[in-house]
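S.K.: Sharing query_38.tsv here; it has TSV, C-alpha atoms.
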chain	number	residue	atom	x	y	z
R	8	MET	CA	-36.97	41.53	30.83
R	9	ARG	CA	-37.74	42.57	27.26
R	10	THR	CA	-34.42	44.49	27.09
R	11	TRP	CA	-32.54	41.39	28.21
R	12	LEU	CA	-34.22	39.29	25.51
R	13	TRP	CA	-33.38	41.84	22.85
R	14	ALA	CA	-29.77	41.86	24.04
R	15	VAL	CA	-29.54	38.06	23.85
R	16	ALA	CA	-31.17	38.07	20.42
R	17	GLY	CA	-28.77	40.76	19.24
R	18	CYS	CA	-25.78	38.78	20.47
R	19	LEU	CA	-27.01	35.63	18.70
R	20	VAL	CA	-27.59	37.53	15.46
R	21	PHE	CA	-24.13	39.10	15.70
R	22	MET	CA	-22.48	35.74	16.42
R	23	GLY	CA	-24.39	34.13	13.55
R	24	CYS	CA	-23.34	36.87	11.14
R	25	ALA	CA	-19.73	36.66	12.34
R	26	TRP	CA	-19.65	32.86	11.99
R	27	THR	CA	-21.22	33.09	8.52
R	28	ALA	CA	-18.58	35.60	7.43
R	29	PHE	CA	-15.84	33.42	8.95
R	30	TRP	CA	-17.16	30.29	7.21
R	31	HIS	CA	-17.29	32.03	3.81
R	32	ALA	CA	-13.73	33.33	4.32
R	33	ALA	CA	-12.59	29.83	5.23
R	34	ALA	CA	-14.35	28.37	2.20
R	35	LEU	CA	-12.71	30.94	-0.07
R	36	LYS	CA	-9.28	30.12	1.36
R	37	PHE	CA	-9.97	26.40	0.86
R	38	LEU	CA	-10.77	26.97	-2.81
R	39	GLN	CA	-7.69	29.17	-3.22
R	40	ASP	CA	-5.47	26.50	-1.66
R	41	TYR	CA	-7.02	23.88	-3.93
R	42	ASP	CA	-6.48	26.04	-7.03
R	43	ARG	CA	-2.87	26.61	-5.97
R	44	TRP	CA	-2.33	22.85	-5.57
R	45	VAL	CA	-3.83	22.20	-9.02
R	46	GLU	CA	-1.56	24.80	-10.64
R	47	MET	CA	1.49	23.21	-8.97
R	48	ARG	CA	0.53	19.78	-10.32
R	49	ARG	CA	-0.09	21.19	-13.79
R	50	ALA	CA	3.34	22.83	-13.70
R	51	GLU	CA	4.76	19.34	-13.05
R	52	GLY	CA	3.04	18.03	-16.18
R	53	TYR	CA	-0.22	16.66	-14.79
R	54	HIS	CA	-3.51	17.24	-16.59
R	55	ILE	CA	-6.46	17.81	-14.19
R	56	THR	CA	-10.06	18.45	-15.20
R	57	HIS	CA	-13.44	18.26	-13.45
R	58	ASP	CA	-16.86	19.93	-13.42
R	59	ASP	CA	-17.37	23.27	-11.71
R	60	LEU	CA	-17.27	23.12	-7.92
R	61	SER	CA	-18.72	25.22	-5.13
R	62	PRO	CA	-18.30	24.94	-1.34
R	63	PHE	CA	-20.99	23.58	0.98
R	64	GLY	CA	-21.19	22.09	4.48
R	65	PHE	CA	-22.17	25.23	6.40
R	66	PRO	CA	-21.96	25.73	9.36
R	67	PHE	CA	-19.58	23.10	10.81
R	68	ALA	CA	-17.48	22.02	7.82
R	69	VAL	CA	-16.11	23.30	4.54
R	70	LYS	CA	-16.77	20.79	1.79
R	71	VAL	CA	-16.36	20.68	-1.96
R	72	SER	CA	-17.50	18.04	-4.42
R	73	LEU	CA	-15.52	17.29	-7.59
R	74	SER	CA	-17.57	15.48	-10.25
R	75	ASN	CA	-16.11	13.71	-13.30
R	76	LEU	CA	-12.57	14.21	-12.04
R	77	ARG	CA	-9.85	13.22	-14.51
R	78	LEU	CA	-6.17	13.14	-13.53
R	79	VAL	CA	-3.53	12.28	-16.15
R	80	ALA	CA	0.10	11.83	-15.14
R	81	PRO	CA	3.03	13.43	-17.00
R	82	GLN	CA	3.82	11.84	-20.36
R	83	ASN	CA	0.48	9.99	-20.19
R	84	ALA	CA	1.95	7.38	-17.85
R	85	TRP	CA	-1.46	6.71	-16.27
R	86	GLU	CA	-4.95	8.16	-15.92
R	87	TRP	CA	-7.36	8.17	-12.96
R	88	ARG	CA	-11.07	8.84	-13.50
R	89	ILE	CA	-13.39	9.42	-10.52
R	90	GLU	CA	-17.15	9.89	-10.73
R	91	ARG	CA	-17.27	12.02	-7.59
R	92	LEU	CA	-14.78	13.06	-4.91
R	93	ASP	CA	-15.93	14.85	-1.75
R	94	LEU	CA	-13.34	16.81	0.25
R	95	ALA	CA	-14.04	18.14	3.75
R	96	THR	CA	-12.16	20.08	6.42
R	97	GLY	CA	-12.96	22.15	9.49
R	98	PRO	CA	-13.37	25.90	8.88
R	99	TRP	CA	-11.15	26.69	11.88
R	100	ALA	CA	-8.04	24.80	10.73
R	101	PHE	CA	-6.81	23.36	7.44
R	102	GLN	CA	-4.48	20.81	9.05
R	103	SER	CA	-6.70	17.84	8.27
R	104	LEU	CA	-8.55	16.82	5.12
R	105	SER	CA	-11.13	14.04	4.80
R	106	PHE	CA	-11.99	12.55	1.43
R	107	ASP	CA	-14.74	10.23	0.26
R	108	ALA	CA	-15.11	8.90	-3.26
R	109	ALA	CA	-17.86	6.32	-3.15
R	110	GLY	CA	-18.54	6.17	-6.88
R	111	ARG	CA	-16.82	4.22	-9.61
R	112	HIS	CA	-13.08	4.68	-10.11
R	113	LEU	CA	-11.09	3.74	-13.19
R	114	ILE	CA	-7.30	3.74	-13.34
R	115	LEU	CA	-5.77	3.29	-16.78
R	116	GLY	CA	-2.16	2.77	-17.75
R	117	LEU	CA	-1.73	4.74	-20.95
R	118	SER	CA	1.94	4.03	-21.71
R	119	GLN	CA	3.28	0.79	-23.15
R	120	LYS	CA	4.87	-0.08	-19.79
R	121	THR	CA	1.69	0.32	-17.74
R	122	LYS	CA	-1.26	-1.25	-19.54
R	123	LEU	CA	-3.34	-1.10	-16.40
R	124	ALA	CA	-7.11	-1.00	-16.00
R	125	MET	CA	-8.27	-1.07	-12.37
R	126	GLN	CA	-11.70	-0.33	-10.93
R	127	PHE	CA	-12.87	0.04	-7.35
R	128	GLY	CA	-16.15	1.08	-5.84
R	129	GLY	CA	-15.10	3.00	-2.73
R	130	LEU	CA	-12.24	5.16	-1.52
R	131	LYS	CA	-12.27	7.16	1.68
R	132	GLY	CA	-9.87	8.35	4.32
R	133	GLN	CA	-8.16	11.28	5.97
R	134	ILE	CA	-4.83	13.07	5.67
R	135	ALA	CA	-3.38	15.38	8.33
R	136	TRP	CA	-0.24	17.51	8.42
R	137	HIS	CA	1.53	20.10	10.56
R	138	GLY	CA	3.25	22.84	8.60
R	139	ARG	CA	4.93	20.95	5.76
R	140	THR	CA	5.22	17.70	7.71
R	141	LEU	CA	2.83	14.84	7.07
R	142	GLU	CA	1.29	13.57	10.31
R	143	HIS	CA	-0.87	10.66	9.21
R	144	ILE	CA	-2.86	9.13	6.37
R	145	ASP	CA	-5.84	6.78	6.72
R	146	LEU	CA	-7.04	5.04	3.58
R	147	GLN	CA	-9.74	2.45	2.89
R	148	LEU	CA	-10.35	1.02	-0.57
R	149	SER	CA	-13.10	-1.46	-1.40
R	150	ALA	CA	-14.60	-3.42	-4.31
R	151	LEU	CA	-11.25	-3.61	-6.08
R	152	ARG	CA	-11.05	-5.37	-9.44
R	153	GLY	CA	-9.18	-5.01	-12.70
R	154	GLY	CA	-6.19	-6.09	-14.75
R	155	TRP	CA	-3.75	-5.22	-17.49
R	156	PRO	CA	-5.66	-5.84	-20.73
R	157	PRO	CA	-5.44	-7.15	-23.33
R	158	ASP	CA	-2.64	-9.52	-22.31
R	159	HIS	CA	-3.75	-9.72	-18.64
R	160	HIS	CA	-0.44	-9.38	-16.84
R	161	MET	CA	-2.67	-9.07	-13.79
R	162	ALA	CA	-6.33	-9.74	-13.12
R	163	LEU	CA	-8.29	-9.38	-9.89
R	164	SER	CA	-11.97	-10.11	-9.28
R	165	GLY	CA	-12.39	-8.55	-5.82
R	166	GLY	CA	-10.57	-7.09	-2.88
R	167	ARG	CA	-10.24	-4.42	-0.24
R	168	VAL	CA	-7.28	-2.57	1.23
R	169	ARG	CA	-6.85	-0.68	4.53
R	170	LEU	CA	-3.75	1.45	5.25
R	171	LYS	CA	-2.74	3.72	8.15
R	172	LEU	CA	0.47	5.74	8.00
R	173	ARG	CA	1.51	7.45	11.27
R	174	LYS	CA	4.42	9.71	12.14
R	175	VAL	CA	6.28	8.27	15.12
R	176	GLY	CA	9.27	10.59	15.47
R	177	HIS	CA	12.32	12.26	13.93
R	178	PRO	CA	15.17	9.73	13.67
R	179	ARG	CA	18.87	10.41	13.75
R	180	PRO	CA	20.78	9.54	10.56
R	181	ALA	CA	21.49	5.82	10.43
R	182	SER	CA	25.11	6.06	9.25
R	183	LEU	CA	27.64	8.38	7.68
R	184	GLU	CA	26.75	6.91	4.31
R	185	ALA	CA	23.07	7.50	4.97
R	186	THR	CA	23.61	11.17	5.82
R	187	GLN	CA	24.69	11.73	2.23
R	188	TRP	CA	21.13	10.85	1.25
R	189	VAL	CA	18.97	12.38	3.95
R	190	GLY	CA	19.26	14.45	7.08
R	191	PRO	CA	16.91	14.04	10.06
R	192	ALA	CA	13.45	13.46	8.61
R	193	PRO	CA	10.10	12.26	9.98
R	194	GLU	CA	9.87	8.56	10.66
R	195	TYR	CA	6.62	6.71	9.98
R	196	ARG	CA	4.93	3.43	10.76
R	197	LEU	CA	2.56	1.80	8.27
R	198	GLU	CA	-0.20	-0.53	9.47
R	199	GLY	CA	-2.44	-2.23	6.98
R	200	GLY	CA	-4.57	-5.09	5.89
R	201	LEU	CA	-5.66	-6.47	2.56
R	202	SER	CA	-7.99	-9.09	1.23
R	203	LEU	CA	-7.66	-10.10	-2.43
R	204	LYS	CA	-9.53	-12.81	-4.30
R	205	ASN	CA	-9.11	-14.65	-7.59
R	206	MET	CA	-5.89	-13.05	-8.79
R	207	THR	CA	-3.99	-13.89	-11.94
R	208	LEU	CA	-0.44	-12.55	-11.93
R	209	SER	CA	1.41	-13.53	-15.08
R	210	PHE	CA	4.80	-12.53	-13.65
R	211	LEU	CA	4.35	-15.47	-11.23
R	212	SER	CA	3.85	-17.98	-14.05
R	213	ASP	CA	7.44	-19.21	-13.72
R	214	LEU	CA	7.01	-19.95	-10.01
R	215	PRO	CA	6.09	-23.48	-8.85
R	216	LEU	CA	2.35	-22.95	-8.36
R	217	GLY	CA	1.69	-20.77	-11.38
R	218	ALA	CA	-0.02	-17.43	-11.80
R	219	ASP	CA	-3.45	-18.04	-10.22
R	220	ILE	CA	-3.99	-17.20	-6.54
R	221	ALA	CA	-7.45	-17.87	-5.12
R	222	ARG	CA	-7.12	-15.86	-1.92
R	223	LEU	CA	-4.64	-13.63	-0.11
R	224	GLU	CA	-5.42	-12.01	3.24
R	225	THR	CA	-3.00	-10.35	5.61
R	226	ASN	CA	-2.55	-7.81	8.40
R	227	PHE	CA	0.88	-6.25	8.69
R	228	SER	CA	2.98	-3.39	10.03
R	229	LEU	CA	6.04	-1.75	8.50
R	230	ASP	CA	8.43	0.22	10.72
R	231	GLN	CA	11.22	2.74	10.10
R	232	ILE	CA	9.70	4.35	7.00
R	233	THR	CA	11.36	7.60	5.95
R	234	LEU	CA	9.90	9.77	3.18
R	235	HIS	CA	12.42	12.13	1.60
R	236	LYS	CA	12.85	13.60	-1.84
R	237	SER	CA	16.63	13.01	-1.75
R	238	PHE	CA	16.10	9.28	-2.39
R	239	GLU	CA	16.99	9.01	-6.06
R	240	SER	CA	16.16	5.34	-6.57
R	241	PHE	CA	14.30	2.39	-5.11
R	242	THR	CA	17.64	0.76	-4.28
R	243	GLN	CA	18.67	3.78	-2.24
R	244	SER	CA	15.45	3.84	-0.23
R	245	LEU	CA	15.77	0.09	0.47
R	246	ALA	CA	19.35	0.54	1.64
R	247	PHE	CA	18.35	3.33	4.01
R	248	TRP	CA	15.47	1.23	5.38
R	249	HIS	CA	17.95	-1.61	6.00
R	250	ALA	CA	20.37	0.77	7.72
R	251	ARG	CA	17.54	1.89	10.02
R	252	ASN	CA	16.84	-1.79	10.93
R	253	GLY	CA	13.45	-1.61	9.26
R	254	THR	CA	11.07	-4.49	9.95
R	255	LEU	CA	8.02	-5.88	8.19
R	256	ARG	CA	5.83	-7.66	10.74
R	257	LEU	CA	3.26	-10.09	9.40
R	258	LEU	CA	0.63	-10.29	12.14
R	259	GLU	CA	-1.38	-12.90	10.30
R	260	GLY	CA	-1.47	-14.04	6.72
R	261	THR	CA	-3.54	-16.53	4.72
R	262	LEU	CA	-2.69	-17.74	1.22
R	263	PHE	CA	-4.65	-20.15	-1.01
R	264	TRP	CA	-2.46	-20.79	-4.06
R	265	GLY	CA	-3.34	-23.83	-6.13
R	266	ASP	CA	-3.50	-26.81	-3.73
R	267	LEU	CA	-1.38	-24.90	-1.21
R	268	LYS	CA	-3.07	-23.52	1.91
R	269	MET	CA	-0.80	-21.50	4.16
R	270	GLN	CA	-1.18	-19.46	7.35
R	271	SER	CA	1.84	-17.49	8.58
R	272	TYR	CA	3.08	-14.86	11.00
R	273	GLY	CA	6.54	-13.47	11.73
R	274	ASP	CA	9.09	-10.73	11.02
R	275	LEU	CA	11.06	-9.95	7.86
R	276	SER	CA	13.84	-7.45	7.16
R	277	LEU	CA	16.73	-7.13	4.69
R	278	ASP	CA	20.36	-8.20	4.82
R	279	GLY	CA	23.29	-6.14	3.56
R	280	ALA	CA	22.68	-7.30	-0.02
R	281	LEU	CA	19.01	-6.21	0.24
R	282	ARG	CA	17.75	-9.79	0.27
R	283	PRO	CA	14.92	-11.02	2.54
R	284	LEU	CA	16.00	-11.97	6.05
R	285	GLY	CA	13.71	-13.40	8.70
R	286	ARG	CA	11.32	-16.12	9.80
R	287	LEU	CA	7.63	-16.83	9.22
R	288	ASP	CA	6.08	-19.48	11.46
R	289	THR	CA	3.78	-21.35	9.14
R	290	ARG	CA	0.97	-23.88	9.03
R	291	LEU	CA	1.21	-25.47	5.58
R	292	GLN	CA	-1.10	-27.86	3.76
R	293	GLY	CA	-0.36	-29.09	0.25
R	294	PHE	CA	3.43	-28.97	0.49
R	295	GLU	CA	3.71	-32.03	-1.78
R	296	THR	CA	2.22	-30.03	-4.67
R	297	LEU	CA	4.62	-27.20	-3.88
R	298	ILE	CA	7.62	-29.52	-4.10
R	299	ASP	CA	6.37	-31.04	-7.37
R	300	GLY	CA	6.11	-27.52	-8.73
R	301	PHE	CA	9.71	-26.80	-7.77
R	302	VAL	CA	10.77	-29.85	-9.82
R	303	GLN	CA	8.64	-28.87	-12.84
R	304	LYS	CA	10.05	-25.33	-12.86
R	305	GLY	CA	13.65	-26.51	-12.44
R	306	PHE	CA	14.21	-25.18	-8.92
R	307	MET	CA	14.84	-28.68	-7.52
R	308	LYS	CA	16.09	-31.99	-8.91
R	309	PRO	CA	13.79	-35.04	-8.64
R	310	ARG	CA	16.12	-36.69	-6.14
R	311	GLN	CA	16.13	-33.61	-3.93
R	312	ALA	CA	12.34	-33.45	-4.16
R	313	ALA	CA	11.96	-37.07	-3.09
R	314	PHE	CA	14.22	-36.47	-0.08
R	315	ALA	CA	12.31	-33.29	0.80
R	316	LYS	CA	8.94	-35.09	0.71
R	317	ILE	CA	10.23	-37.85	2.98
R	318	ALA	CA	11.88	-35.42	5.42
R	319	LEU	CA	8.85	-33.15	5.62
R	320	GLY	CA	6.39	-36.04	5.66
R	321	PHE	CA	7.94	-37.41	8.87
R	322	GLN	CA	7.38	-34.04	10.53
R	323	ALA	CA	3.81	-33.56	9.31
R	324	GLU	CA	0.65	-34.22	11.29
R	325	THR	CA	-2.68	-35.42	9.95
R	326	SER	CA	-5.51	-32.94	9.54
R	327	PRO	CA	-8.66	-34.08	11.39
R	328	ARG	CA	-10.82	-32.49	8.67
R	329	ASP	CA	-9.61	-34.19	5.49
R	330	GLY	CA	-6.80	-36.50	6.57
R	331	ARG	CA	-4.17	-34.61	4.56
R	332	PRO	CA	-0.71	-33.99	6.04
R	333	VAL	CA	-0.19	-30.58	7.66
R	334	LEU	CA	3.19	-29.03	8.43
R	335	ARG	CA	3.88	-26.61	11.25
R	336	MET	CA	7.28	-25.30	10.30
R	337	PRO	CA	9.00	-21.94	9.69
R	338	PHE	CA	9.83	-20.44	6.33
R	339	LEU	CA	13.34	-19.05	6.70
R	340	ALA	CA	15.02	-16.38	4.57
R	341	HIS	CA	18.78	-16.12	5.01
R	342	GLY	CA	21.81	-15.67	2.78
R	343	GLY	CA	19.71	-15.34	-0.37
R	344	LYS	CA	17.96	-18.67	0.21
R	345	ILE	CA	14.36	-19.52	1.08
R	346	SER	CA	13.94	-22.72	3.07
R	347	LEU	CA	11.15	-24.61	4.78
R	348	GLY	CA	12.64	-25.78	8.04
R	349	SER	CA	15.97	-27.38	7.12
R	350	VAL	CA	15.00	-27.96	3.46
R	351	ASP	CA	16.28	-25.36	1.00
R	352	LEU	CA	13.61	-24.48	-1.57
R	353	MET	CA	15.03	-21.74	-3.77
R	354	THR	CA	17.48	-18.87	-4.04
R	355	PHE	CA	16.16	-15.31	-3.86
R	356	PRO	CA	17.91	-12.31	-5.46
R	357	SER	CA	18.32	-8.81	-4.12
R	358	LEU	CA	15.04	-6.90	-4.06
R	359	ALA	CA	16.81	-4.13	-5.96
R	360	ALA	CA	17.60	-6.54	-8.80
R	361	LEU	CA	14.06	-7.95	-8.71
R	362	TRP	CA	12.56	-4.45	-8.93
R	363	ASN	CA	14.91	-3.05	-11.55
R	364	PRO	CA	17.82	-5.21	-12.76
R	365	GLN	CA	19.44	-2.29	-14.62
R	366	GLU	CA	19.24	-0.01	-11.58
R	367	SER	CA	20.77	-2.70	-9.38
R	368	SER	CA	23.67	-3.39	-11.73
R	369	ASN	CA	24.44	0.28	-12.13
R	370	GLY	CA	23.89	1.56	-8.63
R	371	HIS	CA	24.35	-1.19	-6.08
Show the structure stored in the file as structure tokens.
M.R.:
Amino acid sequence: MRTWLWAVAGCLVFMGCAWTAFWHAAALKFLQDYDRWVEMRRAEGYHITHDDLSPFGFPFAVKVSLSNLRLVAPQNAWEWRIERLDLATGPWAFQSLSFDAAGRHLILGLSQKTKLAMQFGGLKGQIAWHGRTLEHIDLQLSALRGGWPPDHHMALSGGRVRLKLRKVGHPRPASLEATQWVGPAPEYRLEGGLSLKNMTLSFLSDLPLGADIARLETNFSLDQITLHKSFESFTQSLAFWHARNGTLRLLEGTLFWGDLKMQSYGDLSLDGALRPLGRLDTRLQGFETLIDGFVQKGFMKPRQAAFAKIALGFQAETSPRDGRPVLRMPFLAHGGKISLGSVDLMTFPSLAALWNPQESSNGH
């Protein structure tokens, strides 16, 4: 009996010593992989600094904690400061990495083009890969606020973001033209949700309802995403997404913009000119203010506005809460025009031109 107990104890001691040695070897490899990644980023022009780190998490995880992390992009384009970032993985496989940064974050735009100052109070998620292929990314961001001081191109008092990117397969090339850009590559699906409050976006100041948005909430999915380094421009990646019949599905969306209250759902894609194409079924309150805004900004003539109010007013129902008219009507995007039902509201350019007019004129 005593011999059997000593044998069991010896086996447990041996297994414990073996696991301890394995964990320390795994932790060393984790640190080596991290150092290699840092050197690769520095070779690309990034500047990365943080306090000394040491592994922990024994016996079931390998973890490291990076305090006072500072990441500066090449040519000082932007800077990201993180109070603390915890990284964790299993000691038996480095195919998945969890991250948690619950402290204060500060993102600064250092160049003249990106005068950004954003803060958020929580960032956590997981990234997984197989070989050199990304499998999925989960990301949750909370307590978001910030802006572009001092001229406040954008300001935001609060928000949260949730994103999930999943690999769904390896597509065939969409067309002969597309194969010049990218061969067979992983195809992904993005699911997400966001809730943003009290935004000021100065680049919307020329739109009918101005730059202040009280609330924006949405859940969405984006199909046919292909990530490949051969895409040389935003226009090229949009064109490939269109060739793959990519679809943005708005599962539910809520917008409070001035007097406008809108709830929508539907599908959007792009036409051959990379303009929005699709339909959003919408419940709309405050459309009169929207039409007045179109007149003030020069998108509609007063006579057209009067006709639009009459036409839409006949189709509106009365809200039992406040007695205001409510429209249940689709927003339609087709042929470079945005319309509400049968009433044309505005023209909409190619997304390539909206993103980068010079790129669009030169390359598309």
S.K.: Sort by chain and increasing residue number a table of all residues of range 77-115 of chain R within 12 Å of range 56-68 of chain R, each with its closest pair of atoms and their distance in Å to one decimal, counting only C-alpha atoms, and write it as a tab-separated table.
M.R.:
residue	atom	partner	partner_atom	distance
R:Arg77	CA	R:Thr56	CA	5.3
R:Leu78	CA	R:Thr56	CA	6.8
R:Val79	CA	R:Thr56	CA	9.0
R:Glu86	CA	R:Thr56	CA	11.5
R:Trp87	CA	R:Thr56	CA	10.9
R:Arg88	CA	R:His57	CA	9.7
R:Ile89	CA	R:His57	CA	9.3
R:Glu90	CA	R:His57	CA	9.6
R:Arg91	CA	R:His57	CA	9.4
R:Leu92	CA	R:His57	CA	10.1
R:Asp93	CA	R:Pro62	CA	10.4
R:Leu94	CA	R:Pro62	CA	9.7
R:Ala95	CA	R:Ala68	CA	6.6
R:Thr96	CA	R:Ala68	CA	5.8
R:Gly97	CA	R:Ala68	CA	4.8
R:Pro98	CA	R:Ala68	CA	5.8
R:Trp99	CA	R:Ala68	CA	8.9
R:Ala100	CA	R:Ala68	CA	10.3
R:Phe101	CA	R:Ala68	CA	10.8
R:Ser103	CA	R:Ala68	CA	11.6
R:Leu104	CA	R:Ala68	CA	10.7
R:Ser105	CA	R:Ala68	CA	10.6
S.K.: Those selected residues, please, written with C-alpha atoms and delivered as an mmCIF file, in the frame of the given file.
M.R.:
data_model
loop_
_atom_site.group_PDB
_atom_site.id
_atom_site.type_symbol
_atom_site.label_atom_id
_atom_site.label_comp_id
_atom_site.auth_asym_id
_atom_site.auth_seq_id
_atom_site.Cartn_x
_atom_site.Cartn_y
_atom_site.Cartn_z
ATOM 1 C CA ARG R 77 -9.850 13.220 -14.510
ATOM 2 C CA LEU R 78 -6.170 13.140 -13.530
ATOM 3 C CA VAL R 79 -3.530 12.280 -16.150
ATOM 4 C CA GLU R 86 -4.950 8.160 -15.920
ATOM 5 C CA TRP R 87 -7.360 8.170 -12.960
ATOM 6 C CA ARG R 88 -11.070 8.840 -13.500
ATOM 7 C CA ILE R 89 -13.390 9.420 -10.520
ATOM 8 C CA GLU R 90 -17.150 9.890 -10.730
ATOM 9 C CA ARG R 91 -17.270 12.020 -7.590
ATOM 10 C CA LEU R 92 -14.780 13.060 -4.910
ATOM 11 C CA ASP R 93 -15.930 14.850 -1.750
ATOM 12 C CA LEU R 94 -13.340 16.810 0.250
ATOM 13 C CA ALA R 95 -14.040 18.140 3.750
ATOM 14 C CA THR R 96 -12.160 20.080 6.420
ATOM 15 C CA GLY R 97 -12.960 22.150 9.490
ATOM 16 C CA PRO R 98 -13.370 25.900 8.880
ATOM 17 C CA TRP R 99 -11.150 26.690 11.880
ATOM 18 C CA ALA R 100 -8.040 24.800 10.730
ATOM 19 C CA PHE R 101 -6.810 23.360 7.440
ATOM 20 C CA SER R 103 -6.700 17.840 8.270
ATOM 21 C CA LEU R 104 -8.550 16.820 5.120
ATOM 22 C CA SER R 105 -11.130 14.040 4.800
#
S.K.: Point out the residue among R:Gly342, R:Ser349, R:Asp266, R:Asp299 with the least atom-to-atom distance to Gln322 in chain R, counting all atoms listed in the file.
M.R.: R:Ser349
S.K.: For Tyr272 in chain R, list every protein, DNA or RNA residue within 7 Å, evaluated using all atoms listed in the file, and leave out those in the same chain fewer than 6 positions away; present the list as a list in words.
M.R.: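 Using all atoms listed in the file, the neighbours found are Leu257, Leu258, Glu259, Gly260, Leu287, Asp288 and Thr289 of chain R.
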S.K.: Emit the selected residues as a PDB file, in the coordinates of the input, including C-alpha atoms.
M.R.:
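So selection-v6.pdb came out as:
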ATOM      1  CA  LEU R 257       3.260 -10.090   9.400  1.00  0.00           C
ATOM      2  CA  LEU R 258       0.630 -10.290  12.140  1.00  0.00           C
ATOM      3  CA  GLU R 259      -1.380 -12.900  10.300  1.00  0.00           C
ATOM      4  CA  GLY R 260      -1.470 -14.040   6.720  1.00  0.00           C
ATOM      5  CA  LEU R 287       7.630 -16.830   9.220  1.00  0.00           C
ATOM      6  CA  ASP R 288       6.080 -19.480  11.460  1.00  0.00           C
ATOM      7  CA  THR R 289       3.780 -21.350   9.140  1.00  0.00           C
TER       8      THR R 289
END
S.K.: Which residue, R:Met353, R:Ala33, R:Met336, R:Leu229, has the smallest gap to Leu172 in chain R when you use all atoms listed in the file?
M.R.: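 Comparing R:Met353, R:Ala33, R:Met336, R:Leu229 against Leu172 in chain R, the winner is R:Leu229.
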S.K.: From the set R:Leu281, R:Ile134, R:Leu214, R:Leu203, which residue has the shortest atom-to-atom contact distance to Arg173 in chain R, counting all atoms listed in the file?
M.R.: R:Ile134
S.K.: To one decimal place in Å, what is the distance between CA of Arg331 in chain R and CA of Glu295 in chain R?
M.R.: 10.4 Å
S.K.: Calculate how many Å separate CA of Val71 in chain R from CA of Gly129 in chain R, rounding to one decimal.
M.R.: 17.7 Å
S.K.: What is the distance, in Å and to one decimal place, between CA of Gln147 in chain R and CA of Val175 in chain R?
M.R.: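 So the answer is 21.0 Å.
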S.K.: Scan for residues within 7 Å of the point (-3.7, -3.8, 3.7) in the coordinates of the file, using only C-alpha atoms, and reply as a ChimeraX atom specification.
M.R.: /R:168-170,199-201,225-226
S.K.: Restricting the calculation to only C-alpha atoms: of R:Leu146, R:Leu19, R:Ala109, R:Leu352, which residue gets closest to Gly305 in chain R?
M.R.: R:Leu352
S.K.: Counting only C-alpha atoms, select every polymer residue within 9 Å of (16.5, -10.6, 9.5) as defined in the file's coordinates, and provide the selection as a list in words.
M.R.: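 Checked against the point, the hits come out as Asn252, Thr254, Asp274, Leu275, Ser276, Leu277, Asp278, Pro283, Leu284, Gly285, Arg286, Ala340 and His341 of chain R.
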S.K.: Can you take range 129-148 of chain R from the block and write C-alpha atoms as an mmCIF file, in the first residue's frame?
M.R.:
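And here is the file that came out, selection-v4.cif:
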data_model
loop_
_atom_site.group_PDB
_atom_site.id
_atom_site.type_symbol
_atom_site.label_atom_id
_atom_site.label_comp_id
_atom_site.auth_asym_id
_atom_site.auth_seq_id
_atom_site.Cartn_x
_atom_site.Cartn_y
_atom_site.Cartn_z
ATOM 1 C CA GLY R 129 -12.499 49.318 -22.384
ATOM 2 C CA LEU R 130 -11.180 47.138 -25.176
ATOM 3 C CA LYS R 131 -11.248 43.365 -25.174
ATOM 4 C CA GLY R 132 -11.545 40.520 -27.619
ATOM 5 C CA GLN R 133 -9.893 37.548 -29.250
ATOM 6 C CA ILE R 134 -8.025 36.844 -32.470
ATOM 7 C CA ALA R 135 -7.447 33.364 -33.914
ATOM 8 C CA TRP R 136 -5.523 32.142 -36.947
ATOM 9 C CA HIS R 137 -4.410 28.941 -38.664
ATOM 10 C CA GLY R 138 -0.948 29.091 -40.173
ATOM 11 C CA ARG R 139 -0.872 32.515 -41.825
ATOM 12 C CA THR R 140 -4.630 32.665 -42.350
ATOM 13 C CA LEU R 141 -6.824 34.749 -40.089
ATOM 14 C CA GLU R 142 -9.751 32.723 -38.738
ATOM 15 C CA HIS R 143 -11.721 35.220 -36.683
ATOM 16 C CA ILE R 144 -11.572 38.427 -34.663
ATOM 17 C CA ASP R 145 -13.909 39.401 -31.816
ATOM 18 C CA LEU R 146 -13.732 42.976 -30.577
ATOM 19 C CA GLN R 147 -15.693 44.948 -27.983
ATOM 20 C CA LEU R 148 -15.033 48.617 -27.311
#
